[in-house]
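Here is work_17.cif, consisting of mmCIF, C-alpha atoms:
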data_coords
loop_
_atom_site.label_atom_id
_atom_site.label_comp_id
_atom_site.auth_asym_id
_atom_site.auth_seq_id
_atom_site.Cartn_x
_atom_site.Cartn_y
_atom_site.Cartn_z
CA MET A 1 20.53 4.98 -0.92
CA ARG A 2 18.86 8.15 0.28
CA CYS A 3 15.16 8.53 -0.35
CA GLU A 4 13.48 11.92 -0.15
CA SER A 5 10.16 11.27 -1.96
CA GLU A 6 7.55 8.62 -2.67
CA ALA A 7 8.48 8.67 -6.37
CA THR A 8 12.11 7.89 -5.53
CA LEU A 9 11.03 5.05 -3.22
CA GLN A 10 8.77 3.71 -5.97
CA LEU A 11 11.58 3.77 -8.53
CA HIS A 12 14.13 2.12 -6.23
CA LEU A 13 11.74 -0.57 -5.05
CA GLY A 14 10.70 -1.30 -8.66
CA ARG A 15 14.38 -1.70 -9.62
CA ILE A 16 15.08 -3.98 -6.65
CA ILE A 17 12.09 -6.20 -7.51
CA ALA A 18 13.09 -6.36 -11.19
CA THR A 19 16.72 -7.21 -10.35
CA ALA A 20 15.69 -9.94 -7.89
CA ALA A 21 13.28 -11.44 -10.45
CA ASP A 22 15.92 -11.38 -13.20
CA LEU A 23 18.30 -13.30 -10.92
CA GLU A 24 15.65 -15.98 -10.25
CA ILE A 25 14.56 -16.62 -13.85
CA MET A 26 15.93 -20.02 -14.86
CA SER A 27 14.42 -20.66 -18.27
CA GLU A 28 13.78 -18.70 -21.46
CA ARG A 29 10.07 -19.42 -21.05
CA GLU A 30 9.96 -17.61 -17.70
CA THR A 31 9.23 -13.90 -17.97
CA PHE A 32 8.97 -10.96 -15.63
CA SER A 33 7.49 -7.52 -16.17
CA VAL A 34 7.10 -4.54 -13.86
CA GLU A 35 5.06 -1.35 -14.28
CA LEU A 36 5.09 1.82 -12.21
CA GLU A 37 1.82 3.78 -11.95
CA LYS A 38 -0.18 1.05 -13.69
CA PRO A 39 -3.62 2.38 -14.61
CA LEU A 40 -6.57 0.32 -13.43
CA ARG A 41 -9.68 0.24 -15.55
CA GLY A 42 -13.15 -0.61 -14.35
CA ALA A 43 -16.58 -0.93 -15.92
CA ASP A 44 -17.15 2.73 -15.06
CA GLY A 45 -13.80 3.92 -16.45
CA LYS A 46 -10.65 4.52 -14.44
CA ARG A 47 -10.16 3.15 -10.92
CA GLY A 48 -6.88 4.92 -10.25
CA ARG A 49 -3.32 3.68 -10.51
CA ILE A 50 -1.25 1.06 -8.72
CA ASP A 51 2.17 2.35 -7.66
CA ILE A 52 4.07 -0.85 -8.54
CA TRP A 53 2.64 -3.84 -10.39
CA PHE A 54 4.51 -6.90 -11.57
CA ARG A 55 3.88 -10.25 -13.19
CA LEU A 56 5.98 -13.39 -13.22
CA THR A 57 5.16 -16.07 -15.75
CA ASP A 58 6.73 -19.48 -15.18
CA ASN A 59 7.87 -22.01 -17.79
CA GLN A 60 4.39 -23.63 -17.71
CA ALA A 61 2.72 -20.27 -18.61
CA ARG A 62 1.27 -19.76 -15.11
CA ASP A 63 1.08 -16.11 -14.01
CA TRP A 64 1.58 -14.55 -10.59
CA ARG A 65 0.63 -10.88 -10.32
CA CYS A 66 1.33 -8.48 -7.47
CA ALA A 67 0.17 -4.92 -6.77
CA ILE A 68 1.96 -2.65 -4.30
CA GLU A 69 0.77 0.70 -2.99
CA LEU A 70 3.39 2.96 -1.39
CA LYS A 71 3.17 5.89 0.96
CA PHE A 72 6.19 7.91 2.05
CA PHE A 73 5.25 10.45 4.69
CA LYS A 74 7.60 13.23 5.77
CA ARG A 75 7.12 15.07 9.04
CA GLU A 76 7.34 18.42 7.24
CA ASN A 77 4.34 17.55 5.03
CA HIS A 78 1.67 18.61 7.60
CA ARG A 79 -1.06 16.37 6.11
CA GLU A 80 -1.03 13.72 8.82
CA PRO A 81 -4.78 13.05 9.27
CA ASN A 82 -5.43 13.16 5.51
CA ASN A 83 -2.49 10.83 4.90
CA ARG A 84 -3.94 8.28 7.32
CA TYR A 85 -7.21 8.38 5.37
CA ASP A 86 -5.26 7.93 2.11
CA VAL A 87 -3.59 4.75 3.41
CA PHE A 88 -6.97 3.13 4.00
CA LYS A 89 -8.23 4.35 0.62
CA ASP A 90 -5.24 2.62 -1.01
CA ILE A 91 -5.92 -0.57 0.98
CA ALA A 92 -9.50 -0.48 -0.39
CA ARG A 93 -8.09 -0.08 -3.93
CA LEU A 94 -5.80 -3.09 -3.40
CA GLU A 95 -8.73 -5.15 -2.12
CA SER A 96 -10.63 -4.37 -5.33
CA CYS A 97 -7.93 -5.28 -7.85
CA ALA A 98 -8.44 -9.07 -8.06
CA ASP A 99 -8.77 -8.68 -11.84
CA VAL A 100 -5.11 -7.56 -12.10
CA ALA A 101 -3.40 -8.98 -8.99
CA ASP A 102 -3.27 -12.21 -7.05
CA ILE A 103 -1.74 -10.49 -4.01
CA GLY A 104 -1.29 -6.92 -2.86
CA PHE A 105 0.87 -5.08 -0.35
CA MET A 106 0.57 -1.72 1.37
CA LEU A 107 3.97 -0.23 2.25
CA VAL A 108 4.16 2.93 4.39
CA ALA A 109 7.46 4.55 5.42
CA THR A 110 7.77 7.71 7.49
CA ASP A 111 10.04 9.91 9.57
CA HIS A 112 7.00 11.16 11.55
CA ARG A 113 6.40 9.25 14.80
CA HIS A 114 2.76 10.40 14.88
CA TYR A 115 1.86 7.59 12.42
CA VAL A 116 3.75 4.95 14.37
CA ASP A 117 3.20 5.39 18.10
CA GLN A 118 1.13 8.51 18.85
CA THR A 119 -0.76 8.02 22.12
CA SER A 120 -4.14 8.85 20.56
CA TYR A 121 -5.81 10.64 17.66
CA SER A 122 -8.63 13.17 17.72
CA ASP A 123 -12.16 11.75 17.69
CA VAL A 124 -12.84 13.17 14.22
CA THR A 125 -9.98 11.22 12.57
CA SER A 126 -9.45 8.31 14.98
CA ASP A 127 -11.12 5.74 12.69
CA PHE A 128 -8.03 5.85 10.45
CA ASP A 129 -5.50 4.24 12.76
CA PHE A 130 -2.58 2.10 11.66
CA ARG A 131 -0.27 2.80 14.61
CA HIS A 132 1.95 -0.02 15.82
CA GLY A 133 -0.20 -2.75 17.39
CA SER A 134 -3.54 -1.44 16.08
CA GLN A 135 -6.06 -3.56 14.18
CA TYR A 136 -8.79 -3.04 11.62
CA MET A 137 -11.67 -5.54 11.75
CA SER A 138 -13.47 -6.49 8.54
CA GLY A 139 -16.68 -4.60 7.81
CA ASN A 140 -16.03 -1.70 10.20
CA THR A 141 -16.97 1.57 8.46
CA MET A 142 -14.39 4.33 8.95
CA THR A 143 -15.56 7.92 8.66
CA TYR A 144 -13.45 11.05 8.38
CA LYS A 145 -15.63 13.28 10.54
CA THR A 146 -14.09 16.68 9.71
CA GLY A 147 -16.17 16.78 6.52
CA GLY A 148 -15.23 17.36 2.95
CA TYR A 149 -12.12 15.17 2.65
CA GLY A 150 -13.36 11.72 1.66
CA GLN A 151 -16.18 9.23 1.68
CA PRO A 152 -16.51 6.60 4.43
CA ILE A 153 -14.42 3.47 3.83
CA THR A 154 -15.33 -0.12 4.69
CA LEU A 155 -12.72 -2.79 4.02
CA THR A 156 -13.36 -6.46 3.28
CA GLY A 157 -10.36 -7.86 5.13
CA SER A 158 -9.09 -7.60 8.69
CA TYR A 159 -5.58 -6.23 9.23
CA ASP A 160 -2.97 -6.06 11.99
CA PHE A 161 -0.55 -3.15 11.85
CA ASN A 162 2.94 -3.87 13.14
CA TRP A 163 5.73 -1.47 12.27
CA SER A 164 9.34 -2.43 11.61
CA ASP A 165 12.13 -1.50 14.01
CA LEU A 166 10.42 1.14 16.15
CA ALA A 167 13.76 2.76 17.04
CA SER A 168 14.57 3.42 13.38
CA ALA A 169 14.60 7.00 12.07
CA MET A 170 12.49 5.73 9.15
CA PRO A 171 10.22 2.90 10.34
CA TYR A 172 7.96 1.21 7.83
CA ILE A 173 4.95 -1.06 7.76
CA LEU A 174 4.25 -3.74 5.17
CA VAL A 175 0.74 -5.20 5.16
CA GLU A 176 -0.40 -8.05 2.91
CA ILE A 177 -3.72 -7.21 1.23
CA PRO A 178 -5.53 -10.10 -0.49
CA PRO A 179 -7.60 -8.82 -3.42
CA HIS A 180 -11.26 -9.84 -3.26
CA GLN A 181 -13.73 -10.41 -6.05
CA PRO A 182 -16.45 -7.72 -6.08
CA ARG A 183 -19.60 -8.62 -4.21
CA ALA A 184 -22.50 -9.53 -6.47
#
Produce structure tokens that represent the structure in this file.
Amino acid sequence: MRCESEATLQLHLGRIIATAADLEIMSERETFSVELEKPLRGADGKRGRIDIWFRLTDNQARDWRCAIELKFFKRENHREPNNRYDVFKDIARLESCADVADIGFMLVATDHRHYVDQTSYSDVTSDFDFRHGSQYMSGNTMTYKTGGYGQPITLTGSYDFNWSDLASAMPYILVEIPPHQPRA
């Protein structure tokens, strides 16, 4: 399978998840559903969309719900610092979707080594770092200091970023993101 865009990755991953779930269903009372680009609604209106969302209901009517955000970055895109910001923005969205998901995942794939193992980033965008071996500690406010791109982001959870096979032409990172209830 060749993948040239985030939409294609989303479609293929959604199909793989649906096929795997269909193979595991053992009873007529068990159900599985998957949605691509699931809209999220909040008290103030829309909260964006989740790239892939699915729900498995077992034969005792218990639900398990999962939200997945995807990023597929191509070297030719030339948006590298903005893309790094967008990854953390999606992690924040996953953290805030406890009303629709029991677990979340952030999946980033790229052919651009700058995301994976760049020696350093400029001071104005260095807060948004998910290179191999980097960490984000809960409560640390990240600011995109070039101005005008996005608001500061503070995440609830702490995360370790460890990329897949670093020698691969298309390494990826998969980070588990537990959704949190909003703070009162």
### Message
Would you pick out the contacts of Arg131 (chain A) at 8 Å or less, using all atoms listed in the file, so that residues sharing its chain but fewer than 5 positions from it are not included, and give the list as a ChimeraX atom specification?
### Response
/A:115-118,161-163
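Nearest residue to Phe32 (chain A) among A:Glu4, A:Asp51, A:Asp102, A:Asp58 is A:Asp58, counting only C-alpha atoms.
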field: Reference answer for the PyMOL selection byres ((chain A and resi 40) around 12), as a PyMOL selection string
entry: chain A and resi 35-39+41-53+67+93-94+96-101
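For the residues A:Thr31, A:Thr156, A:Asn77, A:Asn83, ranking by smallest atom-to-atom distance to Arg62 (chain A) using all atoms listed in the file places A:Thr31 first.
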(message) Once the PyMOL selection byres ((chain A and resi 150) around 12) is applied to the coordinates I shared, what remains selected? I want it as a list in words.
(response)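 Output of the PyMOL selection byres ((chain A and resi 150) around 12): Pro81, Asn82, Asn83, Arg84, Tyr85, Asp86, Phe88, Lys89, Thr125, Phe128, Met142, Thr143, Tyr144, Lys145, Thr146, Gly147, Gly148, Tyr149, Gln151, Pro152 and Ile153 of chain A.
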Only C-alpha atoms, please: the residues just picked out, written as a tab-separated table (two decimals), in the frame of the given file.
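Output (part-v6.tsv):
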chain	number	residue	atom	x	y	z
A	81	PRO	CA	-4.78	13.05	9.27
A	82	ASN	CA	-5.43	13.16	5.51
A	83	ASN	CA	-2.49	10.83	4.90
A	84	ARG	CA	-3.94	8.28	7.32
A	85	TYR	CA	-7.21	8.38	5.37
A	86	ASP	CA	-5.26	7.93	2.11
A	88	PHE	CA	-6.97	3.13	4.00
A	89	LYS	CA	-8.23	4.35	0.62
A	125	THR	CA	-9.98	11.22	12.57
A	128	PHE	CA	-8.03	5.85	10.45
A	142	MET	CA	-14.39	4.33	8.95
A	143	THR	CA	-15.56	7.92	8.66
A	144	TYR	CA	-13.45	11.05	8.38
A	145	LYS	CA	-15.63	13.28	10.54
A	146	THR	CA	-14.09	16.68	9.71
A	147	GLY	CA	-16.17	16.78	6.52
A	148	GLY	CA	-15.23	17.36	2.95
A	149	TYR	CA	-12.12	15.17	2.65
A	151	GLN	CA	-16.18	9.23	1.68
A	152	PRO	CA	-16.51	6.60	4.43
A	153	ILE	CA	-14.42	3.47	3.83
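Atom pair CA of Ser5 (chain A) / CA of Met170 (chain A) has a distance of 12.6 Å (rounded to one decimal).
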Shortest interatomic distance to Ala18 (chain A) - which of A:Val34, A:Met106, A:Met137, A:Ile68, counting only C-alpha atoms |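 Between A:Val34, A:Met106, A:Met137, A:Ile68, the residue approaching Ala18 (chain A) most closely is A:Val34.
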Please, what distance in Å, to one decimal, runs between CA of Tyr121 (chain A) and CA of His78 (chain A)?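 CA of Tyr121 (chain A) sits 14.9 Å away from CA of His78 (chain A).
Distance annotation: of A:Glu176, A:His132, A:Leu56, A:Pro171, the residue with the minimal separation from Thr119 (chain A) is A:His132; atom set is all atoms listed in the file.
With CA of Val108 (chain A) on one side and CA of Asn140 (chain A) on the other, the separation reads 21.5 Å.
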Six-sided padding of 8 Å per side, axis-aligned box over region 153-163 of chain A, centre and edges in Å, one decimal, as AutoDock Vina command-line options:
--center_x -4.8 --center_y -2.2 --center_z 8.2 --size_x 37.1 --size_y 27.3 --size_z 25.9
TODO: Would you list the contacts of Ile91 (chain A) as a list of chain:residue names, taking every protein, DNA or RNA residue within 8 Å and counting all atoms listed in the file, but skipping same-chain residues closer than 4 positions in sequence?
DONE: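 Everything that qualifies: A:Glu69, A:Val87, A:Glu95, A:Met106, A:Leu155, A:Ile177.
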Checklist entry - Looking at A:Ser126, A:Thr110, A:Ser164, A:Ser27, which one is nearest to Glu76 (chain A), with distances taken over all atoms listed in the file? => result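 Looking only at the distances to Glu76 (chain A), the closest residue turns out to be A:Thr110.
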_Minimum-distance residue to Trp64 (chain A), chosen among A:Arg29, A:Ile103, A:Arg79, A:Ile173 (using only C-alpha atoms)_ =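 Nearest to Trp64 (chain A): A:Ile103.
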Residues picked by the PyMOL selection byres ((chain A and resi 160) around 7) here, as a VMD selection string?
chain A and resid 133 to 136 159 161 to 162
